[in-house]
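Have a look at run_34.txt; it's compact mmCIF, C-alpha atoms and all ligand atoms:
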# COMPACT_ATOMS: atom_id res chain seq x y z
CA MET A 1 88.42 155.16 105.54
CA HIS A 2 89.71 155.19 101.97
CA THR A 3 87.61 156.39 99.03
CA LEU A 4 87.72 155.10 95.48
CA LEU A 5 86.29 157.56 92.99
CA HIS A 6 84.69 155.60 90.15
CA ILE A 7 84.36 157.85 87.13
CA VAL A 8 81.85 156.31 84.73
CA ALA A 9 82.05 157.57 81.14
CA THR A 10 79.44 155.46 79.40
CA PRO A 11 75.71 156.28 79.37
CA ARG A 12 74.75 152.62 78.77
CA GLU A 13 74.39 151.48 82.36
CA ASP A 14 73.24 147.82 82.35
CA GLN A 15 74.08 147.37 78.66
CA SER A 16 77.66 148.55 79.12
CA ARG A 17 80.46 146.06 78.47
CA THR A 18 82.94 148.35 80.23
CA LEU A 19 80.84 148.36 83.40
CA GLN A 20 80.52 144.57 83.41
CA VAL A 21 84.26 144.42 84.00
CA SER A 22 84.31 147.41 86.38
CA ARG A 23 81.65 145.82 88.57
CA GLU A 24 83.82 142.72 88.87
CA PHE A 25 86.79 144.86 89.93
CA VAL A 26 84.74 146.82 92.50
CA SER A 27 83.21 143.67 94.07
CA ALA A 28 86.60 141.96 94.37
CA LEU A 29 88.10 145.11 95.89
CA GLN A 30 85.24 145.55 98.35
CA ALA A 31 85.46 141.88 99.37
CA LYS A 32 89.09 142.51 100.34
CA HIS A 33 88.74 146.02 101.76
CA THR A 34 85.38 146.02 103.50
CA LYS A 35 85.63 149.61 104.71
CA LEU A 36 86.40 151.03 101.27
CA ARG A 37 83.98 153.80 100.26
CA ILE A 38 83.01 153.94 96.57
CA ASP A 39 82.00 157.32 95.19
CA THR A 40 80.47 156.82 91.73
CA LEU A 41 80.42 159.80 89.40
CA ASN A 42 78.72 159.27 86.05
CA VAL A 43 79.77 162.08 83.72
CA PHE A 44 76.62 161.53 81.61
CA THR A 45 74.17 162.09 84.47
CA GLU A 46 76.16 164.41 86.72
CA SER A 47 75.71 168.14 86.27
CA LEU A 48 78.94 169.47 84.74
CA PRO A 49 79.44 173.24 84.48
CA ASP A 50 80.00 174.74 81.03
CA LEU A 51 83.25 176.56 80.51
CA THR A 52 81.77 180.01 79.93
CA VAL A 53 83.69 183.20 79.13
CA GLN A 54 83.56 184.09 82.83
CA ARG A 55 84.86 180.74 84.03
CA ILE A 56 87.67 180.79 81.46
CA ALA A 57 88.60 184.28 82.72
CA GLY A 58 88.95 182.69 86.18
CA LYS A 59 91.27 180.03 84.80
CA SER A 60 93.43 182.75 83.19
CA MET A 61 93.63 184.63 86.51
CA LEU A 62 94.80 181.51 88.32
CA MET A 63 97.30 180.80 85.52
CA ALA A 64 98.67 184.32 86.03
CA GLY A 65 99.06 183.66 89.77
CA LYS A 66 96.19 186.00 90.77
CA GLU A 67 93.24 185.38 93.09
CA LEU A 68 89.79 184.91 91.55
CA SER A 69 88.04 188.28 91.41
CA LYS A 70 84.82 188.67 93.45
CA PRO A 71 82.39 188.34 90.46
CA LEU A 72 84.05 185.04 89.49
CA GLU A 73 83.68 183.38 92.88
CA GLU A 74 80.06 182.32 92.35
CA PRO A 75 80.47 180.92 88.80
CA TRP A 76 83.54 179.01 90.00
CA LYS A 77 81.70 177.20 92.81
CA PRO A 78 80.57 174.18 90.73
CA ILE A 79 84.12 173.84 89.35
CA GLU A 80 85.55 173.89 92.88
CA CYS A 81 82.97 171.30 94.01
CA HIS A 82 84.09 168.88 91.28
CA ILE A 83 87.76 169.53 92.03
CA GLN A 84 87.17 168.91 95.74
CA ARG A 85 85.37 165.64 95.04
CA PHE A 86 88.20 164.53 92.75
CA ILE A 87 91.05 165.37 95.11
CA SER A 88 89.35 164.01 98.19
CA ALA A 89 89.51 160.50 96.66
CA ASP A 90 92.45 158.27 97.55
CA MET A 91 92.39 156.26 94.31
CA TYR A 92 90.57 156.18 91.00
CA LEU A 93 88.74 153.80 88.70
CA LEU A 94 87.86 155.15 85.27
CA SER A 95 85.40 153.21 83.12
CA SER A 96 85.45 154.52 79.59
CA PRO A 97 84.66 153.17 76.14
CA MET A 98 86.63 154.44 73.15
CA TRP A 99 84.63 156.96 71.16
CA ASN A 100 86.07 158.04 67.83
CA PHE A 101 89.53 156.81 68.76
CA SER A 102 89.56 158.82 71.96
CA ILE A 103 87.26 159.46 74.95
CA PRO A 104 83.53 160.28 75.18
CA TYR A 105 82.86 164.04 75.04
CA ARG A 106 81.35 164.19 78.54
CA LEU A 107 84.55 162.77 80.01
CA LYS A 108 86.51 165.44 78.13
CA GLN A 109 84.19 168.07 79.60
CA TYR A 110 84.76 166.67 83.10
CA LEU A 111 88.53 166.85 82.59
CA ASP A 112 88.26 170.42 81.27
CA VAL A 113 86.30 171.31 84.42
CA ILE A 114 88.63 169.79 87.02
CA ILE A 115 92.09 170.32 85.50
CA GLN A 116 92.73 173.79 86.84
CA PRO A 117 95.92 175.61 87.79
CA ARG A 118 96.73 175.90 91.49
CA TYR A 119 94.37 172.99 92.29
CA LEU A 120 95.63 170.09 90.15
CA PHE A 121 98.81 171.52 88.62
CA ARG A 122 101.11 174.50 88.77
CA TYR A 123 103.94 175.92 86.74
CA GLY A 124 107.26 175.89 88.62
CA LEU A 125 110.79 176.74 87.57
CA ASN A 126 111.05 173.36 85.84
CA GLY A 127 107.77 173.67 83.95
CA PRO A 128 104.41 172.11 84.81
CA GLU A 129 104.10 170.16 88.04
CA GLY A 130 101.21 167.83 88.91
CA LEU A 131 99.71 168.35 92.36
CA VAL A 132 97.79 165.06 92.72
CA ARG A 133 100.46 162.88 94.25
CA GLY A 134 100.70 159.33 95.55
CA LYS A 135 97.39 158.19 94.06
CA LYS A 136 96.82 155.39 91.62
CA MET A 137 94.29 154.68 88.93
CA LEU A 138 92.86 151.77 87.01
CA VAL A 139 91.36 152.53 83.61
CA ILE A 140 88.92 149.98 82.19
CA ALA A 141 88.55 150.80 78.51
CA SER A 142 86.43 148.95 75.98
CA ARG A 143 86.71 149.28 72.25
CA GLY A 144 84.62 148.05 69.33
CA GLY A 145 87.79 147.27 67.36
CA ASP A 146 91.22 145.97 68.34
CA TYR A 147 93.99 148.52 68.95
CA SER A 148 96.48 146.20 70.64
CA PRO A 149 100.20 146.67 69.77
CA GLU A 150 99.99 143.87 67.14
CA SER A 151 97.03 145.44 65.37
CA PRO A 152 97.45 147.42 62.11
CA ILE A 153 95.32 150.19 63.68
CA HIS A 154 97.31 150.41 66.93
CA SER A 155 98.33 153.99 66.03
CA TYR A 156 94.63 155.04 65.90
CA ASP A 157 94.44 154.62 69.67
CA PHE A 158 94.32 158.16 71.08
CA GLN A 159 92.46 156.98 74.17
CA GLU A 160 95.22 155.33 76.22
CA PRO A 161 98.00 157.81 75.27
CA TYR A 162 95.69 160.76 75.95
CA LEU A 163 94.56 159.47 79.34
CA ARG A 164 98.14 158.65 80.39
CA THR A 165 99.25 162.14 79.35
CA VAL A 166 96.42 164.09 80.94
CA PHE A 167 96.51 162.21 84.26
CA GLY A 168 100.34 162.22 84.25
CA PHE A 169 100.18 166.01 83.82
CA ILE A 170 98.30 166.35 87.11
CA GLY A 171 100.62 163.90 88.90
CA ILE A 172 98.83 160.55 88.55
CA THR A 173 101.49 158.36 86.94
CA ASP A 174 100.62 155.02 88.53
CA VAL A 175 97.96 154.10 85.95
CA GLN A 176 97.06 150.56 84.88
CA PHE A 177 94.89 149.80 81.86
CA ILE A 178 92.57 146.93 81.08
CA CYS A 179 91.59 147.25 77.43
CA ILE A 180 88.60 145.09 76.44
CA GLN A 181 88.87 144.65 72.70
CA PRO A 182 87.41 143.95 70.17
CA VAL A 183 83.87 143.94 71.55
CA ASP A 184 82.06 144.73 68.28
CA ALA A 185 84.26 144.06 65.23
CA ARG A 186 84.64 140.28 65.57
CA GLY A 187 81.22 139.26 66.78
CA PRO A 188 79.64 138.23 70.08
CA GLU A 189 81.75 135.12 70.73
CA VAL A 190 85.05 136.97 70.61
CA ALA A 191 83.48 139.78 72.64
CA SER A 192 82.35 137.37 75.37
CA GLN A 193 85.80 135.81 75.52
CA ARG A 194 87.53 139.21 75.77
CA ILE A 195 85.11 140.35 78.48
CA ALA A 196 85.73 137.13 80.45
CA ASP A 197 89.53 137.62 80.12
CA ALA A 198 89.20 141.23 81.24
CA LYS A 199 87.12 140.22 84.28
CA LYS A 200 89.87 137.78 85.35
CA LYS A 201 92.47 140.52 85.00
CA ALA A 202 90.27 142.94 86.95
CA VAL A 203 89.91 140.48 89.85
CA SER A 204 93.65 139.81 89.88
CA ILE A 205 94.42 143.57 89.99
CA ALA A 206 91.84 144.03 92.78
CA GLU A 207 93.41 141.24 94.83
CA ASN A 208 96.82 142.91 94.69
CA TRP A 209 95.57 146.49 95.01
CA GLN A 210 96.74 148.29 98.14
CA PRO A 211 94.48 151.26 98.98
C1 LIG B 301 79.80 157.46 69.64
C2 LIG B 301 80.59 156.17 69.57
C3 LIG B 301 81.84 156.18 68.99
C4 LIG B 301 82.60 155.01 68.94
N1 LIG B 301 83.85 155.06 68.39
C5 LIG B 301 84.61 153.94 68.39
C6 LIG B 301 85.93 153.97 67.86
O1 LIG B 301 86.46 154.98 67.44
N2 LIG B 301 86.63 152.82 67.84
C7 LIG B 301 86.10 151.64 68.32
O2 LIG B 301 86.81 150.64 68.30
N3 LIG B 301 84.87 151.60 68.84
C8 LIG B 301 84.11 152.71 68.89
N4 LIG B 301 82.85 152.66 69.42
C9 LIG B 301 82.38 151.38 70.00
C10 LIG B 301 82.59 151.35 71.52
O3 LIG B 301 83.91 151.68 71.88
C11 LIG B 301 82.26 149.97 72.07
O4 LIG B 301 81.00 149.52 71.63
C12 LIG B 301 82.34 149.97 73.58
O5 LIG B 301 82.40 148.66 74.05
C13 LIG B 301 81.12 150.59 74.23
O6 LIG B 301 81.28 150.53 75.63
P1 LIG B 301 80.04 150.34 76.60
O7 LIG B 301 79.38 149.05 76.24
O8 LIG B 301 80.66 150.30 77.96
O9 LIG B 301 79.17 151.55 76.45
C14 LIG B 301 82.08 153.81 69.48
C15 LIG B 301 80.80 153.80 70.06
C16 LIG B 301 80.06 154.97 70.11
C17 LIG B 301 78.69 154.95 70.75
So, in terms of structure tokens, how does the structure I just supplied come out?
Ligand SMILES: Cc1cc2nc3c(=O)[nH]c(=O)nc-3n(C[C@H](O)[C@H](O)[C@H](O)COP(=O)(O)O)c2cc1C
Amino acid sequence: MHTLLHIVATPREDQSRTLQVSREFVSALQAKHTKLRIDTLNVFTESLPDLTVQRIAGKSMLMAGKELSKPLEEPWKPIECHIQRFISADMYLLSSPMWNFSIPYRLKQYLDVIIQPRYLFRYGLNGPEGLVRGKKMLVIASRGGDYSPESPIHSYDFQEPYLRTVFGFIGITDVQFICIQPVDARGPEVASQRIADAKKKAVSIAENWQP
């Protein structure tokens, strides 16, 4: 049985425009792949460990190619749990609004927790090497404004380039984006239209998605 890890990075639940489109994608995918398991991880409600001095010391040990020392094993358990959950998925859906031109802080915390040497990447003779291979991702991203290539504020978009870089770094290079925009700046009619367009795109991606 395949598992899709759905990482939810908005706290707005039923009010979320991002999740309206994600729900459409998930239903279309489940209709086609009835045995697909969906693991939903909401970074706003999930307990995420803080990166304390001790945990950062563990990261440095792994970076230096050493084993975690005994006193670090316990504090590292919640990090390892999140890493395990992430790598046990076969594919990923990330639902994230743009916050201040980039990603919501709880999503950044989640990434800081899971992106650890030896688990998700390593340094080889040719530099960094991602260890999450052969897995694909769909990012559903909503924005209050419009950052499309034709927009004068296209260069303000640090969300898509950041997510492509950070997931590419750990080996996930097959990443598609559905950007829902603008959902605030041009009023409710334009927003509804853009959400409807995004839902159509989501269904079409789901229909062609091979787990
Ligand atoms: C803290 C915060 C920061 C935001 N920053 C931006 C921004 O930089 N650019 C933008 O276009 N919209 C921004 N927005 C608007 C959201 O991206 C937009 O409303 C999005 O659709 C919300 O998604 P949701 O309905 O799924 O929660 C921000 C919203 C919040 C709450």
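With only C-alpha atoms as the basis for measurement, A:Gly134 is the residue among A:Pro152, A:Gly58, A:Gly134, A:Gly65 that approaches Tyr92 (chain A) most closely.
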Using only C-alpha atoms, I'd like a table of the residues in region 106-187 of chain A that come within 10 Å of region 20-23 of chain A; for each, show the closest atom pair and its distance in Å rounded to one decimal, ordered by chain and ascending number, as a tab-separated table.
residue	atom	partner	partner_atom	distance
A:Leu138	CA	A:Ser22	CA	9.6
A:Val139	CA	A:Ser22	CA	9.1
A:Ile140	CA	A:Ser22	CA	6.7
A:Ala141	CA	A:Val21	CA	9.4
A:Ser142	CA	A:Val21	CA	9.5
A:Ile178	CA	A:Val21	CA	9.2
A:Ile180	CA	A:Val21	CA	8.7
Next on the checklist: For a quick check of understanding, using only C-alpha atoms, which of A:Asn208, A:Ser96, A:Gln159, A:Thr3 has the smallest distance to Leu19 (chain A)?
Outcome noted: A:Ser96
Checklist entry - What separation in Å, quoted to one decimal, exists between CA of Pro128 (chain A) and CA of Asp112 (chain A)? => result 16.6 Å
Item to check | Near-ligand residues for ligand LIG 301 (chain B), threshold 10 Å, only C-alpha atoms and all ligand atoms, as a count of residues only | outcome: 48
Checklist entry - Any idea what the distance is between CA of Lys108 (chain A) and CA of Pro188 (chain A)? => result 29.2 Å
Which residues of region 108-138 of chain A come within 12 Å of region 27-46 of chain A, and what is each one's closest atom pair and distance in Å (one decimal), counting all atoms listed in the file, sorted by chain and residue number, as a tab-separated table?
residue	atom	partner	partner_atom	distance
A:Lys108	CA	A:Val43	CA	9.4
A:Gln109	CA	A:Val43	CA	8.5
A:Tyr110	CA	A:Val43	CA	6.8
A:Leu111	CA	A:Val43	CA	10.0
A:Val113	CA	A:Val43	CA	11.3
Checklist entry - At most 8 Å from (91.4, 179.0, 92.4), file frame, only C-alpha atoms: which residues, as a PyMOL selection string? => result chain A and resi 58-59+62+67-68+80+116-119
Residues from last step as file, C-alpha atoms, as a PDB file, keeping the file's coordinate frame:
ATOM      1  CA  GLY A  58      88.950 182.690  86.180  1.00  0.00           C
ATOM      2  CA  LYS A  59      91.270 180.030  84.800  1.00  0.00           C
ATOM      3  CA  LEU A  62      94.800 181.510  88.320  1.00  0.00           C
ATOM      4  CA  GLU A  67      93.240 185.380  93.090  1.00  0.00           C
ATOM      5  CA  LEU A  68      89.790 184.910  91.550  1.00  0.00           C
ATOM      6  CA  GLU A  80      85.550 173.890  92.880  1.00  0.00           C
ATOM      7  CA  GLN A 116      92.730 173.790  86.840  1.00  0.00           C
ATOM      8  CA  PRO A 117      95.920 175.610  87.790  1.00  0.00           C
ATOM      9  CA  ARG A 118      96.730 175.900  91.490  1.00  0.00           C
ATOM     10  CA  TYR A 119      94.370 172.990  92.290  1.00  0.00           C
TER      11      TYR A 119
END
Around all listed atoms of region 63-71 of chain A, padded 3 Å per side, what centre and edge lengths does the axis-aligned box have in Å to one decimal, as AutoDock Vina command-line options?
--center_x 90.7 --center_y 184.7 --center_z 89.5 --size_x 22.7 --size_y 13.9 --size_z 13.9
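Minimum distance to Asp90 (chain A) across A:Leu48, A:Leu120, A:Met137, A:Ala198 (counting all atoms listed in the file) occurs at A:Met137.
Between CA of Pro75 (chain A) and CA of Arg133 (chain A) there is a distance of 27.5 Å.
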Item to check | Distance criterion (all atoms listed in the file): nearest to Ile172 (chain A) out of A:Arg106, A:His154, A:Lys136, A:Arg122 | outcome: A:Lys136
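Excluding Lys77 (chain A) and any residue on its chain fewer than 3 positions from it, the residues at most 12 Å away by only C-alpha atoms are Leu48, Pro49, Arg55, Gly58, Leu68, Lys70, Pro71, Leu72, Glu73, Glu74, Glu80, Cys81, His82, Ile83, Gln84, Val113 and Ile114 of chain A.
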Checklist entry - Which is closer to Ile170 (chain A) than all the others in A:Ile56, A:Leu131, A:Leu51, A:Met63, using all atoms listed in the file? => result A:Leu131
